[in-house]
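Engineer: Sharing a structure with you now.
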2 protein chains.
Amino acid sequence: MTKQSPPKPPKPRTAGRPSGGGGLTKQRIAEEALAQIDEFGLGAFSMREVAARLDVYPATVHWHVSTREALLAEVAALVMAEVPPPPGKLVWKDWIAELFRRCRATVRRHPNVAQLLGAQLVSNGSLPMELVEGILATLADAGFEDEALLEAYNCVVAAMLGFLTMEFSPLPADNTQAWAEELRERVHTIRPLDHPVLTRNLAQLANKAFILRWDNGTTVPLDSSFERHIQITIDGLEAFARRIRVR
Amino acid sequence: MTKQSPPKPPKPRTAGRPSGGGGLTKQRIAEEALAQIDEFGLGAFSMREVAARLDVYPATVHWHVSTREALLAEVAALVMAEVPPPPGKLVWKDWIAELFRRCRATVRRHPNVAQLLGAQLVSNGSLPMELVEGILATLADAGFEDEALLEAYNCVVAAMLGFLTMEFSPLPADNTQAWAEELRERVHTIRPLDHPVLTRNLAQLANKAFILRWDNGTTVPLDSSFERHIQITIDGLEAFARRIRVR
DNA sequence: ACCTGAACACCGTTCAAGT
DNA sequence: ACCTGAACACCGTTCAAGT
């Protein structure tokens, strides 16, 4: 697109350790990769592109990162490291709710990495240990221990990352417009006799309910649904805690 | 791997519409793609590979499917179409719980497509409309309407697909072994002073808690966590229903 | 309408060679 | 230790040409 300088002046660079303030690091590479993904989406990400941005040969990137997958995991970790842990003094319900909100705020700033969070085991390891400990400590405070602690923890993580992964799942890369129009058409021509409840609530659901939408969370945020999701999760956890106490 | 017949006998095939029982269809292509993914993982999926399996030129596949992304969406739809809708006579709590379980059973049969379900908006449209209507009808039965219906629905879908996406998220493609060993090492050498709760419950959490595991749901299924996730979601929904009734 | 055959512009990764 | 330069074996997609 912006490549219109054909008499490309040959940049003579030398091999070996850089003399200037160069100092390419894994961190630096991940930052550049994140920038690329933020700007143009995951589809525009490639080792070669990142190398080009850093004005370096592809092999150089590989010297630092080993593999494309590893770099993406690094990027995911970079994003999740931005999540500020909620203050420790909150009661457990508020702490969990705050975590959900802060996590979403961070993902909102990097929506294109959302699909990396839940969907790959490598980048599942991206949540900072500090947050993991925070969740566990909070749930322990709420009265969960042993297997109940494990279950409550998994529920919290799945509910949080799962929702965000879906809310910000990317649109088709190619002809977004045509695709959106087609889905919108399909949703609005659903046969009322086969799908009465859907039809009756179409105005409420169209483009705001999962599976029935053609824009993602970047364009059409699911604010109220997310807040409700928090409440439902916490109410469910409380019921769980009650069941334990009763026993 | 199994390619050791170099004097490949040239298969002379003719262009044009196939005479025999050929009849390549989008459906047929998606089935072959699914088979490939089931066997060797999403990493081994490519248009060319699918074409080879069908004994056809890559361009032929493109004539039927338009794009790689579209084919993957088709594959996701194929899988989710396998989910048998729960019987309609169940009370709403049981219906939702059954849906969760049936959905999981299906994804368990095709774990490698899990990462497609939640993470791409194209394949978000994969859930059959019949199930969507089922969820809506069930929730309407439970007393949710208008915006509450939207919120409850989004919560159900996110909770269900979100958990499954994470439980079956794929391992790194390359040197799985080394990666697993490294993560296991990292988890077991967490500093006790910084992460007391984590350390205290390490035996309970290691390789069974999200972020702290190196095997996915195929090897180490999160059965009890999933059942608890169902209960928590339903209890939360019930609390939500109560809040509405009170108002 | 459906397919072949070939081509284009990309990939990730490896490896010898430089400094 | 860190990088160049080139190569290898793949990709997805397009397009004219066949039948």
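Ligands are numbered from 1 in the order shown, chains are lettered A, B, ... in the order of the structure tokens, and residues start at 1 in each chain.
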For chain D, list the residues within 10 Å of chain A, counting only C-alpha atoms (C1' of nucleotides), and write the list as a PyMOL selection string.

Structural biologist: chain D and resi 1-5

Engineer: Counting only C-alpha atoms, which residues of chain B fall within 7 Å of chain A, and what is the closest atom pair for each with its distance in Å at one decimal, ordered by chain and rising number, as CSV?

Structural biologist:
residue,atom,partner,partner_atom,distance
B:Gln115,CA,A:Ala119,CA,4.8
B:Gly118,CA,A:Met166,CA,5.1
B:Ala119,CA,A:Gln115,CA,4.8
B:Gln120,CA,A:Ser169,CA,4.9
B:Leu121,CA,A:Ser169,CA,5.3
B:Val122,CA,A:Pro172,CA,6.1
B:Asn124,CA,A:Ile211,CA,5.1
B:Gly125,CA,A:Ile211,CA,4.6
B:Glu133,CA,A:His195,CA,5.7
B:Leu136,CA,A:Val197,CA,6.4
B:Ala137,CA,A:Val197,CA,5.8
B:Asp146,CA,A:Gln204,CA,6.5
B:Glu147,CA,A:Gln204,CA,6.7
B:Leu150,CA,A:Leu205,CA,6.2
B:Glu151,CA,A:Ser225,CA,4.7
B:Asn154,CA,A:Ala209,CA,6.0
B:Cys155,CA,A:His229,CA,5.5
B:Ala158,CA,A:Phe163,CA,5.1
B:Ala159,CA,A:Ala159,CA,5.6
B:Gly162,CA,A:Gly162,CA,3.7
B:Phe163,CA,A:Ala158,CA,5.1
B:Thr165,CA,A:Ala119,CA,5.8
B:Met166,CA,A:Gly118,CA,5.1
B:Ser169,CA,A:Gln120,CA,4.8
B:Pro170,CA,A:Gln120,CA,5.5
B:Leu171,CA,A:Leu121,CA,5.3
B:Pro172,CA,A:Val122,CA,6.0
B:His195,CA,A:Glu133,CA,5.7
B:Val197,CA,A:Ala137,CA,5.8
B:Leu198,CA,A:Glu133,CA,5.8
B:Asn201,CA,A:Asp146,CA,6.9
B:Gln204,CA,A:Asp146,CA,6.5
B:Leu205,CA,A:Leu150,CA,6.2
B:Ala209,CA,A:Asn154,CA,6.0
B:Phe210,CA,A:Asn154,CA,6.1
B:Ile211,CA,A:Gly125,CA,4.6
B:Ser225,CA,A:Glu151,CA,4.7
B:Arg228,CA,A:Glu151,CA,6.4
B:His229,CA,A:Cys155,CA,5.5
B:Ile232,CA,A:Gly236,CA,4.1
B:Thr233,CA,A:Gly236,CA,5.8
B:Asp235,CA,A:Gly236,CA,4.8
B:Gly236,CA,A:Gly236,CA,4.0
B:Leu237,CA,A:Ile232,CA,5.9
B:Ala239,CA,A:Asp235,CA,6.6
B:Phe240,CA,A:Ile232,CA,6.7

Engineer: Excluding DA7 in chain C and residues on its chain fewer than 4 positions from it, collect all residues at most 12 Å away from it, counting only C-alpha atoms (C1' of nucleotides), and give them as a ChimeraX atom specification.

Structural biologist: /D:13-16

Engineer: What gap, in Å, lies between CA of Gly217 in chain B and CA of Thr106 in chain B?

Structural biologist: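 Rounded to one decimal, the two atoms are 13.0 Å apart.
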
Engineer: Using backbone DSSP assignments, extract all alpha helix (DSSP H) residues from range 16-194 of chain A; output them as a PyMOL selection string.

Structural biologist: chain A and resi 26-40+47-53+58-65+68-80+92-109+114-117+121-124+129-141+147-167+176-188

Engineer: Just the number, please: distance in Å from CA of Glu74 in chain A to CA of Asn112 in chain B, one decimal.

Structural biologist: 22.5 Å

Engineer: Taking into account only C-alpha atoms (C1' of nucleotides), which residue in the set A:Ser66, A:Leu54, A:Gln27, A:Leu42 is nearest to DG12 in chain C?

Structural biologist: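 Going through A:Ser66, A:Leu54, A:Gln27, A:Leu42 one by one, the smallest distance to DG12 in chain C is for A:Ser66.
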
Engineer: Excluding DC11 in chain D and residues on its chain fewer than 5 positions from it, collect all residues at most 10 Å away from it, counting only C-alpha atoms (C1' of nucleotides), and give them as a PyMOL selection string.

Structural biologist: (chain B and resi 46-48) or (chain C and resi 10-12)

Engineer: Those selected residues, please, written with C-alpha atoms (C1' of nucleotides) and delivered as a JSON list (two decimals), in the first residue's frame.

Structural biologist:
[["chain", "number", "residue", "atom", "x", "y", "z"],
["B", 46, "SER", "CA", -4.54, -26.35, 5.18],
["B", 47, "MET", "CA", -6.53, -25.83, 2.01],
["B", 48, "ARG", "CA", -3.91, -27.74, 0.10],
["C", 10, "DC", "C1'", 3.51, -14.57, 0.66],
["C", 11, "DC", "C1'", 4.74, -17.54, 4.92],
["C", 12, "DG", "C1'", 7.87, -19.96, 9.29]]

Engineer: May I ask for the distance between CA of Ala30 in chain B and CA of Val75 in chain B, given in Å to one decimal place?

Structural biologist: 5.4 Å
